[in-house]
file model05.cif (mmCIF, C-alpha atoms; chains and numbers go by the auth columns)
data_run
#
loop_
_atom_site.group_PDB
_atom_site.id
_atom_site.type_symbol
_atom_site.label_atom_id
_atom_site.label_comp_id
_atom_site.label_asym_id
_atom_site.label_seq_id
_atom_site.Cartn_x
_atom_site.Cartn_y
_atom_site.Cartn_z
_atom_site.B_iso_or_equiv
_atom_site.auth_seq_id
_atom_site.auth_asym_id
ATOM 1 C CA MET A 1 0.000 0.000 0.000 0.00 1 A
ATOM 2 C CA LYS A 2 2.848 2.380 0.878 0.00 2 A
ATOM 3 C CA TYR A 3 4.573 1.525 -2.431 0.00 3 A
ATOM 4 C CA PHE A 4 1.372 2.333 -4.296 0.00 4 A
ATOM 5 C CA ASN A 5 0.916 5.630 -2.472 0.00 5 A
ATOM 6 C CA HIS A 6 4.523 6.632 -3.060 0.00 6 A
ATOM 7 C CA ASN A 7 4.260 6.147 -6.834 0.00 7 A
ATOM 8 C CA ARG A 8 0.877 7.773 -6.931 0.00 8 A
ATOM 9 C CA LEU A 9 2.302 10.739 -5.066 0.00 9 A
ATOM 10 C CA LYS A 10 5.147 11.100 -7.603 0.00 10 A
ATOM 11 C CA PHE A 11 2.652 10.916 -10.455 0.00 11 A
ATOM 12 C CA LEU A 12 0.390 13.550 -8.948 0.00 12 A
ATOM 13 C CA VAL A 13 3.351 15.875 -8.312 0.00 13 A
ATOM 14 C CA LEU A 14 4.353 15.570 -11.984 0.00 14 A
ATOM 15 C CA ILE A 15 0.804 16.291 -13.187 0.00 15 A
ATOM 16 C CA CYS A 16 0.547 19.272 -10.864 0.00 16 A
ATOM 17 C CA SER A 17 3.857 20.714 -12.077 0.00 17 A
ATOM 18 C CA LEU A 18 2.825 20.426 -15.699 0.00 18 A
ATOM 19 C CA ALA A 19 -0.537 22.020 -14.973 0.00 19 A
ATOM 20 C CA LEU A 20 0.991 24.968 -13.154 0.00 20 A
ATOM 21 C CA ALA A 21 3.567 25.447 -15.902 0.00 21 A
ATOM 22 C CA SER A 22 0.829 25.617 -18.507 0.00 22 A
ATOM 23 C CA CYS A 23 -0.933 28.390 -16.569 0.00 23 A
ATOM 24 C CA GLY A 24 1.938 30.827 -16.668 0.00 24 A
ATOM 25 C CA GLY A 25 4.161 32.114 -19.430 0.00 25 A
ATOM 26 C CA SER A 26 7.916 31.869 -19.693 0.00 26 A
ATOM 27 C CA ARG A 27 10.216 34.869 -19.494 0.00 27 A
ATOM 28 C CA GLU A 28 10.791 34.642 -23.246 0.00 28 A
ATOM 29 C CA SER A 29 7.068 35.034 -23.946 0.00 29 A
ATOM 30 C CA ILE A 30 6.449 37.950 -21.567 0.00 30 A
ATOM 31 C CA VAL A 31 9.475 40.255 -21.279 0.00 31 A
ATOM 32 C CA TYR A 32 9.957 43.082 -23.801 0.00 32 A
ATOM 33 C CA PHE A 33 13.279 43.933 -25.504 0.00 33 A
ATOM 34 C CA GLN A 34 15.223 40.863 -24.382 0.00 34 A
ATOM 35 C CA ASP A 35 18.272 41.448 -26.584 0.00 35 A
ATOM 36 C CA GLU A 36 21.410 42.246 -24.658 0.00 36 A
ATOM 37 C CA ILE A 37 22.776 45.521 -25.985 0.00 37 A
ATOM 38 C CA ALA A 38 25.650 47.689 -24.853 0.00 38 A
ATOM 39 C CA ASN A 39 24.934 50.939 -23.082 0.00 39 A
ATOM 40 C CA GLY A 40 24.723 53.748 -25.589 0.00 40 A
ATOM 41 C CA SER A 41 22.273 55.390 -27.923 0.00 41 A
ATOM 42 C CA SER A 42 20.732 55.022 -31.346 0.00 42 A
ATOM 43 C CA LYS A 43 19.515 57.608 -33.812 0.00 43 A
ATOM 44 C CA ILE A 44 15.789 58.261 -33.750 0.00 44 A
ATOM 45 C CA SER A 45 14.135 57.820 -37.133 0.00 45 A
ATOM 46 C CA ASP A 46 13.451 61.061 -39.050 0.00 46 A
ATOM 47 C CA PHE A 47 9.846 60.037 -39.507 0.00 47 A
ATOM 48 C CA GLU A 48 7.451 62.613 -40.893 0.00 48 A
ATOM 49 C CA LEU A 49 3.775 61.972 -41.465 0.00 49 A
ATOM 50 C CA LYS A 50 2.420 62.260 -45.017 0.00 50 A
ATOM 51 C CA PHE A 51 -1.070 63.548 -45.761 0.00 51 A
ATOM 52 C CA LYS A 52 -3.402 61.178 -47.576 0.00 52 A
ATOM 53 C CA PRO A 53 -7.025 60.953 -48.778 0.00 53 A
ATOM 54 C CA ASP A 54 -9.770 61.410 -46.151 0.00 54 A
ATOM 55 C CA ASP A 55 -7.487 63.471 -43.904 0.00 55 A
ATOM 56 C CA LEU A 56 -9.097 66.542 -42.366 0.00 56 A
ATOM 57 C CA LEU A 57 -6.785 69.562 -42.196 0.00 57 A
ATOM 58 C CA THR A 58 -7.088 72.883 -40.440 0.00 58 A
ATOM 59 C CA ILE A 59 -5.117 75.570 -42.269 0.00 59 A
ATOM 60 C CA ASP A 60 -4.634 79.008 -40.756 0.00 60 A
ATOM 61 C CA VAL A 61 -3.071 81.786 -42.827 0.00 61 A
ATOM 62 C CA SER A 62 -1.765 85.006 -41.303 0.00 62 A
ATOM 63 C CA ALA A 63 0.379 87.901 -42.505 0.00 63 A
ATOM 64 C CA LEU A 64 1.660 91.337 -41.528 0.00 64 A
ATOM 65 C CA ASP A 65 -1.607 92.714 -42.896 0.00 65 A
ATOM 66 C CA PRO A 66 -4.401 90.706 -41.190 0.00 66 A
ATOM 67 C CA GLU A 67 -7.059 92.074 -43.528 0.00 67 A
ATOM 68 C CA ALA A 68 -5.137 90.863 -46.565 0.00 68 A
ATOM 69 C CA ALA A 69 -4.964 87.337 -45.095 0.00 69 A
ATOM 70 C CA LYS A 70 -8.697 87.050 -44.370 0.00 70 A
ATOM 71 C CA PRO A 71 -9.754 85.802 -47.837 0.00 71 A
ATOM 72 C CA PHE A 72 -7.404 82.834 -47.448 0.00 72 A
ATOM 73 C CA ASN A 73 -9.077 81.563 -44.270 0.00 73 A
ATOM 74 C CA LEU A 74 -12.322 79.689 -43.888 0.00 74 A
ATOM 75 C CA PRO A 75 -14.709 81.407 -41.450 0.00 75 A
ATOM 76 C CA ALA A 76 -14.752 79.965 -37.955 0.00 76 A
ATOM 77 C CA VAL A 77 -18.178 78.515 -37.139 0.00 77 A
ATOM 78 C CA SER A 78 -20.215 76.749 -34.508 0.00 78 A
ATOM 79 C CA TYR A 79 -23.033 74.285 -35.023 0.00 79 A
ATOM 80 C CA ASN A 80 -26.199 74.825 -32.991 0.00 80 A
ATOM 81 C CA ALA A 81 -28.860 72.282 -32.120 0.00 81 A
ATOM 82 C CA THR A 82 -30.813 72.961 -35.316 0.00 82 A
ATOM 83 C CA SER A 83 -27.723 72.328 -37.472 0.00 83 A
ATOM 84 C CA VAL A 84 -27.682 75.938 -38.650 0.00 84 A
ATOM 85 C CA ILE A 85 -24.151 77.203 -39.270 0.00 85 A
ATOM 86 C CA SER A 86 -23.447 80.639 -37.850 0.00 86 A
ATOM 87 C CA ALA A 87 -20.275 82.689 -37.554 0.00 87 A
ATOM 88 C CA GLN A 88 -19.091 82.718 -33.936 0.00 88 A
ATOM 89 C CA GLY A 89 -15.610 84.255 -33.854 0.00 89 A
ATOM 90 C CA ASN A 90 -12.991 81.523 -33.532 0.00 90 A
ATOM 91 C CA LEU A 91 -15.093 78.907 -31.714 0.00 91 A
ATOM 92 C CA LYS A 92 -14.355 76.202 -34.262 0.00 92 A
ATOM 93 C CA MET A 93 -12.176 76.189 -37.348 0.00 93 A
ATOM 94 C CA GLN A 94 -13.526 74.523 -40.449 0.00 94 A
ATOM 95 C CA THR A 95 -11.502 71.752 -42.016 0.00 95 A
ATOM 96 C CA TYR A 96 -10.342 70.845 -45.506 0.00 96 A
ATOM 97 C CA LEU A 97 -11.032 67.277 -46.624 0.00 97 A
ATOM 98 C CA ILE A 98 -8.369 65.707 -48.830 0.00 98 A
ATOM 99 C CA ASP A 99 -10.232 63.880 -51.598 0.00 99 A
ATOM 100 C CA LYS A 100 -9.340 60.612 -53.337 0.00 100 A
ATOM 101 C CA GLU A 101 -7.024 62.480 -55.715 0.00 101 A
ATOM 102 C CA GLY A 102 -5.168 64.003 -52.766 0.00 102 A
ATOM 103 C CA GLU A 103 -6.573 67.489 -53.431 0.00 103 A
ATOM 104 C CA ILE A 104 -8.356 70.205 -51.474 0.00 104 A
ATOM 105 C CA GLU A 105 -10.266 73.303 -52.564 0.00 105 A
ATOM 106 C CA PHE A 106 -8.554 76.345 -51.076 0.00 106 A
ATOM 107 C CA PRO A 107 -9.957 79.908 -51.004 0.00 107 A
ATOM 108 C CA VAL A 108 -8.629 82.106 -53.844 0.00 108 A
ATOM 109 C CA LEU A 109 -5.910 79.593 -54.785 0.00 109 A
ATOM 110 C CA GLY A 110 -8.367 76.939 -55.983 0.00 110 A
ATOM 111 C CA THR A 111 -7.474 73.244 -56.237 0.00 111 A
ATOM 112 C CA LEU A 112 -4.270 72.267 -54.421 0.00 112 A
ATOM 113 C CA LYS A 113 -2.692 68.821 -54.209 0.00 113 A
ATOM 114 C CA LEU A 114 -1.508 68.119 -50.648 0.00 114 A
ATOM 115 C CA GLY A 115 -1.809 64.332 -50.635 0.00 115 A
ATOM 116 C CA GLY A 116 1.590 62.680 -50.308 0.00 116 A
ATOM 117 C CA LEU A 117 3.183 65.774 -48.767 0.00 117 A
ATOM 118 C CA SER A 118 4.501 66.042 -45.228 0.00 118 A
ATOM 119 C CA ARG A 119 3.349 68.947 -43.101 0.00 119 A
ATOM 120 C CA SER A 120 6.610 70.821 -43.670 0.00 120 A
ATOM 121 C CA ASP A 121 6.402 70.228 -47.434 0.00 121 A
ATOM 122 C CA ALA A 122 2.768 71.362 -47.536 0.00 122 A
ATOM 123 C CA ASN A 123 3.691 74.419 -45.496 0.00 123 A
ATOM 124 C CA ARG A 124 6.392 75.445 -47.967 0.00 124 A
ATOM 125 C CA PHE A 125 4.099 74.728 -50.908 0.00 125 A
ATOM 126 C CA LEU A 126 1.338 76.976 -49.543 0.00 126 A
ATOM 127 C CA LYS A 127 3.753 79.754 -48.656 0.00 127 A
ATOM 128 C CA GLU A 128 5.009 79.827 -52.238 0.00 128 A
ATOM 129 C CA LYS A 129 1.448 80.068 -53.575 0.00 129 A
ATOM 130 C CA LEU A 130 0.435 82.727 -51.034 0.00 130 A
ATOM 131 C CA SER A 131 3.544 84.829 -51.619 0.00 131 A
ATOM 132 C CA GLU A 132 1.962 86.012 -54.872 0.00 132 A
ATOM 133 C CA TYR A 133 -0.737 87.722 -52.783 0.00 133 A
ATOM 134 C CA LEU A 134 0.732 88.260 -49.296 0.00 134 A
ATOM 135 C CA LYS A 135 3.976 89.583 -47.878 0.00 135 A
ATOM 136 C CA ASP A 136 5.704 87.087 -45.575 0.00 136 A
ATOM 137 C CA PRO A 137 2.705 84.759 -45.143 0.00 137 A
ATOM 138 C CA ILE A 138 2.585 82.439 -42.126 0.00 138 A
ATOM 139 C CA VAL A 139 0.881 79.076 -42.564 0.00 139 A
ATOM 140 C CA ASN A 140 -0.153 76.747 -39.747 0.00 140 A
ATOM 141 C CA ILE A 141 -1.379 73.288 -40.803 0.00 141 A
ATOM 142 C CA ARG A 142 -2.782 70.683 -38.416 0.00 142 A
ATOM 143 C CA LEU A 143 -4.165 67.201 -39.036 0.00 143 A
ATOM 144 C CA ALA A 144 -7.537 67.141 -37.265 0.00 144 A
ATOM 145 C CA ASN A 145 -8.434 63.433 -37.512 0.00 145 A
ATOM 146 C CA PHE A 146 -5.237 61.533 -36.669 0.00 146 A
ATOM 147 C CA THR A 147 -6.375 58.392 -34.861 0.00 147 A
ATOM 148 C CA VAL A 148 -4.937 54.934 -34.231 0.00 148 A
ATOM 149 C CA THR A 149 -6.882 51.857 -33.139 0.00 149 A
ATOM 150 C CA VAL A 150 -5.502 49.241 -30.741 0.00 150 A
ATOM 151 C CA ILE A 151 -7.448 45.991 -30.328 0.00 151 A
ATOM 152 C CA GLY A 152 -6.891 42.487 -29.005 0.00 152 A
ATOM 153 C CA GLU A 153 -5.071 41.574 -25.801 0.00 153 A
ATOM 154 C CA VAL A 154 -4.542 45.048 -24.341 0.00 154 A
ATOM 155 C CA LYS A 155 -5.989 46.504 -21.163 0.00 155 A
ATOM 156 C CA ASN A 156 -8.036 49.263 -22.822 0.00 156 A
ATOM 157 C CA PRO A 157 -8.745 48.512 -26.509 0.00 157 A
ATOM 158 C CA GLY A 158 -10.128 51.386 -28.522 0.00 158 A
ATOM 159 C CA THR A 159 -9.508 54.211 -30.974 0.00 159 A
ATOM 160 C CA TYR A 160 -7.223 57.011 -29.767 0.00 160 A
ATOM 161 C CA THR A 161 -6.753 60.538 -31.061 0.00 161 A
ATOM 162 C CA VAL A 162 -3.135 61.590 -31.579 0.00 162 A
ATOM 163 C CA GLN A 163 -2.406 65.236 -30.842 0.00 163 A
ATOM 164 C CA ASP A 164 1.268 65.532 -31.830 0.00 164 A
ATOM 165 C CA GLU A 165 1.044 63.930 -35.301 0.00 165 A
ATOM 166 C CA LYS A 166 3.789 61.516 -34.316 0.00 166 A
ATOM 167 C CA ILE A 167 3.301 58.337 -32.330 0.00 167 A
ATOM 168 C CA SER A 168 5.312 55.144 -32.076 0.00 168 A
ATOM 169 C CA LEU A 169 4.063 51.588 -31.696 0.00 169 A
ATOM 170 C CA THR A 170 5.058 51.490 -28.015 0.00 170 A
ATOM 171 C CA GLU A 171 3.344 54.812 -27.325 0.00 171 A
ATOM 172 C CA ALA A 172 0.114 53.539 -28.919 0.00 172 A
ATOM 173 C CA LEU A 173 0.243 50.392 -26.787 0.00 173 A
ATOM 174 C CA GLY A 174 0.831 52.610 -23.772 0.00 174 A
ATOM 175 C CA LEU A 175 -2.337 54.574 -24.567 0.00 175 A
ATOM 176 C CA ALA A 176 -4.210 51.267 -24.570 0.00 176 A
ATOM 177 C CA GLY A 177 -2.857 50.357 -21.128 0.00 177 A
ATOM 178 C CA ASP A 178 -0.172 47.922 -22.369 0.00 178 A
ATOM 179 C CA LEU A 179 -0.573 44.272 -23.333 0.00 179 A
ATOM 180 C CA THR A 180 -2.299 41.929 -20.911 0.00 180 A
ATOM 181 C CA ILE A 181 -0.388 38.918 -19.628 0.00 181 A
ATOM 182 C CA TYR A 182 -2.171 36.927 -22.347 0.00 182 A
ATOM 183 C CA GLY A 183 -0.912 39.032 -25.276 0.00 183 A
ATOM 184 C CA LYS A 184 1.684 37.502 -27.609 0.00 184 A
ATOM 185 C CA ARG A 185 4.650 39.862 -27.476 0.00 185 A
ATOM 186 C CA ASP A 186 6.264 38.314 -30.543 0.00 186 A
ATOM 187 C CA ASN A 187 3.170 38.488 -32.747 0.00 187 A
ATOM 188 C CA VAL A 188 1.741 42.015 -32.817 0.00 188 A
ATOM 189 C CA PHE A 189 0.144 42.976 -36.140 0.00 189 A
ATOM 190 C CA LEU A 190 -0.103 46.313 -37.919 0.00 190 A
ATOM 191 C CA ILE A 191 -2.842 46.916 -40.500 0.00 191 A
ATOM 192 C CA ARG A 192 -2.284 50.019 -42.649 0.00 192 A
ATOM 193 C CA GLU A 193 -4.178 51.327 -45.654 0.00 193 A
ATOM 194 C CA VAL A 194 -1.921 52.528 -48.462 0.00 194 A
ATOM 195 C CA ASP A 195 -3.254 53.687 -51.830 0.00 195 A
ATOM 196 C CA GLY A 196 -6.577 51.935 -51.355 0.00 196 A
ATOM 197 C CA GLU A 197 -5.231 48.590 -50.186 0.00 197 A
ATOM 198 C CA ASN A 198 -4.445 47.088 -46.786 0.00 198 A
ATOM 199 C CA ARG A 199 -0.855 46.278 -45.922 0.00 199 A
ATOM 200 C CA TYR A 200 0.302 44.181 -42.993 0.00 200 A
ATOM 201 C CA HIS A 201 3.379 44.043 -40.802 0.00 201 A
ATOM 202 C CA LYS A 202 4.362 41.865 -37.865 0.00 202 A
ATOM 203 C CA PHE A 203 6.209 43.170 -34.800 0.00 203 A
ATOM 204 C CA ASP A 204 8.243 41.185 -32.279 0.00 204 A
ATOM 205 C CA LEU A 205 8.250 43.184 -29.050 0.00 205 A
ATOM 206 C CA THR A 206 10.657 40.765 -27.394 0.00 206 A
ATOM 207 C CA SER A 207 13.429 42.186 -29.587 0.00 207 A
ATOM 208 C CA ILE A 208 14.955 45.645 -29.225 0.00 208 A
ATOM 209 C CA ASN A 209 15.273 45.671 -33.020 0.00 209 A
ATOM 210 C CA VAL A 210 11.555 46.438 -33.264 0.00 210 A
ATOM 211 C CA MET A 211 12.535 50.103 -32.880 0.00 211 A
ATOM 212 C CA ASN A 212 14.457 49.941 -36.154 0.00 212 A
ATOM 213 C CA SER A 213 11.392 48.916 -38.136 0.00 213 A
ATOM 214 C CA PRO A 214 10.237 51.406 -40.801 0.00 214 A
ATOM 215 C CA TYR A 215 6.728 50.773 -39.420 0.00 215 A
ATOM 216 C CA PHE A 216 7.635 51.601 -35.805 0.00 216 A
ATOM 217 C CA TYR A 217 6.099 55.074 -36.154 0.00 217 A
ATOM 218 C CA LEU A 218 2.419 54.910 -36.967 0.00 218 A
ATOM 219 C CA THR A 219 0.370 56.843 -39.503 0.00 219 A
ATOM 220 C CA GLN A 220 -3.239 58.010 -39.375 0.00 220 A
ATOM 221 C CA ASN A 221 -5.888 55.268 -39.137 0.00 221 A
ATOM 222 C CA ASP A 222 -3.372 52.490 -38.401 0.00 222 A
ATOM 223 C CA VAL A 223 -4.785 49.453 -36.594 0.00 223 A
ATOM 224 C CA ILE A 224 -2.712 47.466 -34.081 0.00 224 A
ATOM 225 C CA TYR A 225 -3.866 43.953 -33.207 0.00 225 A
ATOM 226 C CA VAL A 226 -2.387 41.988 -30.307 0.00 226 A
ATOM 227 C CA GLU A 227 -2.941 38.254 -30.701 0.00 227 A
ATOM 228 C CA PRO A 228 -3.922 36.219 -27.597 0.00 228 A
ATOM 229 C CA ASN A 229 -1.601 33.440 -26.500 0.00 229 A
ATOM 230 C CA LYS A 230 -2.552 29.755 -26.302 0.00 230 A
ATOM 231 C CA SER A 231 -3.473 29.989 -22.639 0.00 231 A
ATOM 232 C CA LYS A 232 -6.091 32.673 -23.346 0.00 232 A
ATOM 233 C CA VAL A 233 -7.463 30.754 -26.341 0.00 233 A
ATOM 234 C CA ARG A 234 -7.860 27.600 -24.221 0.00 234 A
ATOM 235 C CA SER A 235 -9.525 29.453 -21.366 0.00 235 A
ATOM 236 C CA SER A 236 -12.007 31.153 -23.730 0.00 236 A
ATOM 237 C CA ARG A 237 -13.368 27.741 -24.676 0.00 237 A
ATOM 238 C CA TYR A 238 -14.565 27.335 -21.107 0.00 238 A
ATOM 239 C CA ASN A 239 -16.246 30.718 -20.639 0.00 239 A
ATOM 240 C CA GLN A 240 -13.008 32.275 -19.386 0.00 240 A
ATOM 241 C CA ASN A 241 -12.740 29.793 -16.458 0.00 241 A
ATOM 242 C CA ASN A 242 -9.171 28.612 -16.046 0.00 242 A
ATOM 243 C CA VAL A 243 -9.910 24.917 -15.759 0.00 243 A
ATOM 244 C CA VAL A 244 -6.212 24.029 -15.713 0.00 244 A
ATOM 245 C CA LEU A 245 -5.564 26.213 -12.684 0.00 245 A
ATOM 246 C CA ILE A 246 -8.572 24.833 -10.836 0.00 246 A
ATOM 247 C CA SER A 247 -7.405 21.289 -11.582 0.00 247 A
ATOM 248 C CA ALA A 248 -3.914 22.132 -10.352 0.00 248 A
ATOM 249 C CA ILE A 249 -5.275 23.497 -7.083 0.00 249 A
ATOM 250 C CA ALA A 250 -7.415 20.397 -6.626 0.00 250 A
ATOM 251 C CA THR A 251 -4.385 18.203 -7.317 0.00 251 A
ATOM 252 C CA LEU A 252 -2.326 20.121 -4.764 0.00 252 A
ATOM 253 C CA ALA A 253 -5.074 19.559 -2.199 0.00 253 A
ATOM 254 C CA THR A 254 -5.009 15.835 -2.954 0.00 254 A
ATOM 255 C CA ILE A 255 -1.220 15.690 -2.600 0.00 255 A
ATOM 256 C CA THR A 256 -1.370 17.524 0.715 0.00 256 A
ATOM 257 C CA ALA A 257 -3.969 15.050 2.000 0.00 257 A
ATOM 258 C CA LEU A 258 -1.825 12.096 0.890 0.00 258 A
ATOM 259 C CA ILE A 259 1.271 13.506 2.560 0.00 259 A
ATOM 260 C CA ILE A 260 -0.623 14.028 5.805 0.00 260 A
ATOM 261 C CA ASN A 261 -2.093 10.532 5.554 0.00 261 A
ATOM 262 C CA ASN A 262 1.332 8.916 4.909 0.00 262 A
ATOM 263 C CA SER A 263 2.902 10.766 7.786 0.00 263 A
ATOM 264 C CA ASN A 264 0.413 9.255 10.230 0.00 264 A
#

call {"tool": "encode", "arguments": {"input": "model05.cif", "output": "C-alpha cells"}}
result
Amino acid sequence: MKYFNHNRLKFLVLICSLALASCGGSRESIVYFQDEIANGSSKISDFELKFKPDDLLTIDVSALDPEAAKPFNLPAVSYNATSVISAQGNLKMQTYLIDKEGEIEFPVLGTLKLGGLSRSDANRFLKEKLSEYLKDPIVNIRLANFTVTVIGEVKNPGTYTVQDEKISLTEALGLAGDLTIYGKRDNVFLIREVDGENRYHKFDLTSINVMNSPYFYLTQNDVIYVEPNKSKVRSSRYNQNNVVLISAIATLATITALIINNSN
C-alpha cells in the first residue's frame, strides 16, 4: 500500500507541475526587448507623417496685414442644435477634406494637391502660392483626424486621437494600457491602408530591433492587433474559467492530503 501511495504521489506531483507550468508564461514570452545591448544610444528615425485621402486639415493663414490674409481663411463657425451654421468668432475652425485624388479646394488659390506631402512640405508649398498675394505669409497646418486603433489583448482597446502627429508603436500600446499577460509579445500585427489597399506588418516586441522597423512610427488610421496566447485561447473555450488552474489546485489539495495521511 505504501509503495502504491509513493508512486501515486510522484505521479500527482508531476501532473501538478505540468498544470501549473501551462498556466503561466515563460520569461521569453512575456518580457519586452530581451536582446542584450551595450549601453549607448541610437539615432531616432526622421519620420514625418504624409497627408493622404480622407485626412481633415485645419489651415490658418496670417500675414503682416491681417485684412489681406482674411480671404485665405475659412470662417470659424459653430453648429447649434438645429444644425444651422453661424459665424461665432474663432469657436471652431472649419476643415479641408483631402479627396481621393489628394486634393483640397482652397480659397482664392483653388485646387491644391496636398496628398503625399509632409506637413513641412505642404507648409512650404502653400507659402510659395500665397507669396503672390501676401507679404511674408505664415501658414499653420494641423491634421484634425489623426487616430490609431488598438485591439486584441490590451488593457483598454479602442480608438485614440493623436495630438502631436507623431506616435510610435510602443506609445500607442501605452495609450491602450499595455498588453495583458495573455498578449503575444512576438506576434503584434499592424494593419495600414496605403493607396486603397491594406498592408500588414508583424512586430516582435521581445526584440529591441523592433525600434528599427520602418513601421515603428504609426500613420493616421493604423490598426494594431495583439494576438492572444494559447493559454487565453484555451480558457475562452470554457467561458473564461481557467480549468487548468482549478485542476492544479485540486491536485495540490489531494497531494497535501496524501502527505498528511502517509505521515500518520

call {"tool": "closest_residue", "arguments": {"input": "model05.cif", "among": "A:Thr95, A:Thr111, A:Asn156, A:Asn140", "to": "Asp60 (chain A)", "atoms": "only C-alpha atoms"}}
result
A:Asn140

call {"tool": "resolve_selection", "arguments": {"input": "model05.cif", "expression": "the PyMOL selection byres ((chain A and resi 158) around 10)", "output": "short mmCIF file (atom, residue, chain, number, x, y, z; two decimals) with C-alpha atoms, in the coordinates of the input"}}
result
data_model
loop_
_atom_site.label_atom_id
_atom_site.label_comp_id
_atom_site.auth_asym_id
_atom_site.auth_seq_id
_atom_site.Cartn_x
_atom_site.Cartn_y
_atom_site.Cartn_z
CA VAL A 148 -4.94 54.93 -34.23
CA THR A 149 -6.88 51.86 -33.14
CA VAL A 150 -5.50 49.24 -30.74
CA ILE A 151 -7.45 45.99 -30.33
CA GLY A 152 -6.89 42.49 -29.00
CA VAL A 154 -4.54 45.05 -24.34
CA LYS A 155 -5.99 46.50 -21.16
CA ASN A 156 -8.04 49.26 -22.82
CA PRO A 157 -8.74 48.51 -26.51
CA THR A 159 -9.51 54.21 -30.97
CA TYR A 160 -7.22 57.01 -29.77
CA LEU A 175 -2.34 54.57 -24.57
CA ALA A 176 -4.21 51.27 -24.57
CA VAL A 223 -4.78 49.45 -36.59
#

call {"tool": "atom_distance", "arguments": {"input": "model05.cif", "atom1": "CA of Glu153 (chain A)", "atom2": "CA of Glu227 (chain A)"}}
result
6.3 Å

call {"tool": "closest_residue", "arguments": {"input": "model05.cif", "among": "A:Pro53, A:Tyr32, A:Met93, A:Asp99", "to": "Leu179 (chain A)", "atoms": "only C-alpha atoms"}}
result
A:Tyr32

call {"tool": "residues_around", "arguments": {"input": "model05.cif", "residues": "Pro66 (chain A)", "least_positions_apart": "6", "cutoff": "12 Å", "atoms": "all atoms listed in the file", "output": "list in words"}}
result
Asp60, Phe72, Asn73, Leu134, Lys135, Asp136, Pro137 and Ile138 of chain A

call {"tool": "decode", "arguments": {"input": "model05.cif", "residues": "region 62-74 of chain A", "atoms": "N, CA, C and O atoms", "output": "mmCIF file, in the first residue's frame"}}
result
data_model
loop_
_atom_site.group_PDB
_atom_site.id
_atom_site.type_symbol
_atom_site.label_atom_id
_atom_site.label_comp_id
_atom_site.auth_asym_id
_atom_site.auth_seq_id
_atom_site.Cartn_x
_atom_site.Cartn_y
_atom_site.Cartn_z
ATOM 1 N N SER A 62 -1.888 83.658 -41.872
ATOM 2 C CA SER A 62 -1.765 85.006 -41.303
ATOM 3 C C SER A 62 -0.643 85.747 -42.016
ATOM 4 O O SER A 62 0.179 85.143 -42.714
ATOM 5 N N ALA A 63 -0.627 87.071 -41.840
ATOM 6 C CA ALA A 63 0.379 87.901 -42.505
ATOM 7 C C ALA A 63 0.518 89.203 -41.730
ATOM 8 O O ALA A 63 -0.220 89.470 -40.762
ATOM 9 N N LEU A 64 1.463 90.041 -42.173
ATOM 10 C CA LEU A 64 1.660 91.337 -41.528
ATOM 11 C C LEU A 64 0.397 92.187 -41.619
ATOM 12 O O LEU A 64 0.076 92.957 -40.716
ATOM 13 N N ASP A 65 -0.333 92.019 -42.716
ATOM 14 C CA ASP A 65 -1.607 92.714 -42.896
ATOM 15 C C ASP A 65 -2.738 91.715 -42.673
ATOM 16 O O ASP A 65 -3.059 90.916 -43.567
ATOM 17 N N PRO A 66 -3.353 91.692 -41.486
ATOM 18 C CA PRO A 66 -4.401 90.706 -41.190
ATOM 19 C C PRO A 66 -5.569 90.763 -42.162
ATOM 20 O O PRO A 66 -6.152 89.724 -42.500
ATOM 21 N N GLU A 67 -5.936 91.951 -42.605
ATOM 22 C CA GLU A 67 -7.059 92.074 -43.528
ATOM 23 C C GLU A 67 -6.770 91.400 -44.860
ATOM 24 O O GLU A 67 -7.649 90.804 -45.480
ATOM 25 N N ALA A 68 -5.502 91.483 -45.293
ATOM 26 C CA ALA A 68 -5.137 90.863 -46.565
ATOM 27 C C ALA A 68 -5.177 89.332 -46.479
ATOM 28 O O ALA A 68 -5.395 88.646 -47.490
ATOM 29 N N ALA A 69 -4.987 88.788 -45.267
ATOM 30 C CA ALA A 69 -4.964 87.337 -45.095
ATOM 31 C C ALA A 69 -6.357 86.743 -44.948
ATOM 32 O O ALA A 69 -6.541 85.528 -45.119
ATOM 33 N N LYS A 70 -7.349 87.554 -44.635
ATOM 34 C CA LYS A 70 -8.697 87.050 -44.370
ATOM 35 C C LYS A 70 -9.275 86.205 -45.505
ATOM 36 O O LYS A 70 -9.889 85.162 -45.259
ATOM 37 N N PRO A 71 -9.144 86.596 -46.750
ATOM 38 C CA PRO A 71 -9.754 85.802 -47.837
ATOM 39 C C PRO A 71 -9.196 84.384 -47.953
ATOM 40 O O PRO A 71 -9.800 83.539 -48.625
ATOM 41 N N PHE A 72 -8.038 84.144 -47.331
ATOM 42 C CA PHE A 72 -7.404 82.834 -47.448
ATOM 43 C C PHE A 72 -7.734 81.922 -46.259
ATOM 44 O O PHE A 72 -7.129 80.856 -46.115
ATOM 45 N N ASN A 73 -8.673 82.358 -45.417
ATOM 46 C CA ASN A 73 -9.077 81.563 -44.270
ATOM 47 C C ASN A 73 -10.568 81.260 -44.337
ATOM 48 O O ASN A 73 -11.376 82.127 -44.686
ATOM 49 N N LEU A 74 -10.917 80.033 -44.007
ATOM 50 C CA LEU A 74 -12.322 79.689 -43.888
ATOM 51 C C LEU A 74 -12.882 80.346 -42.627
ATOM 52 O O LEU A 74 -12.181 80.465 -41.622
#
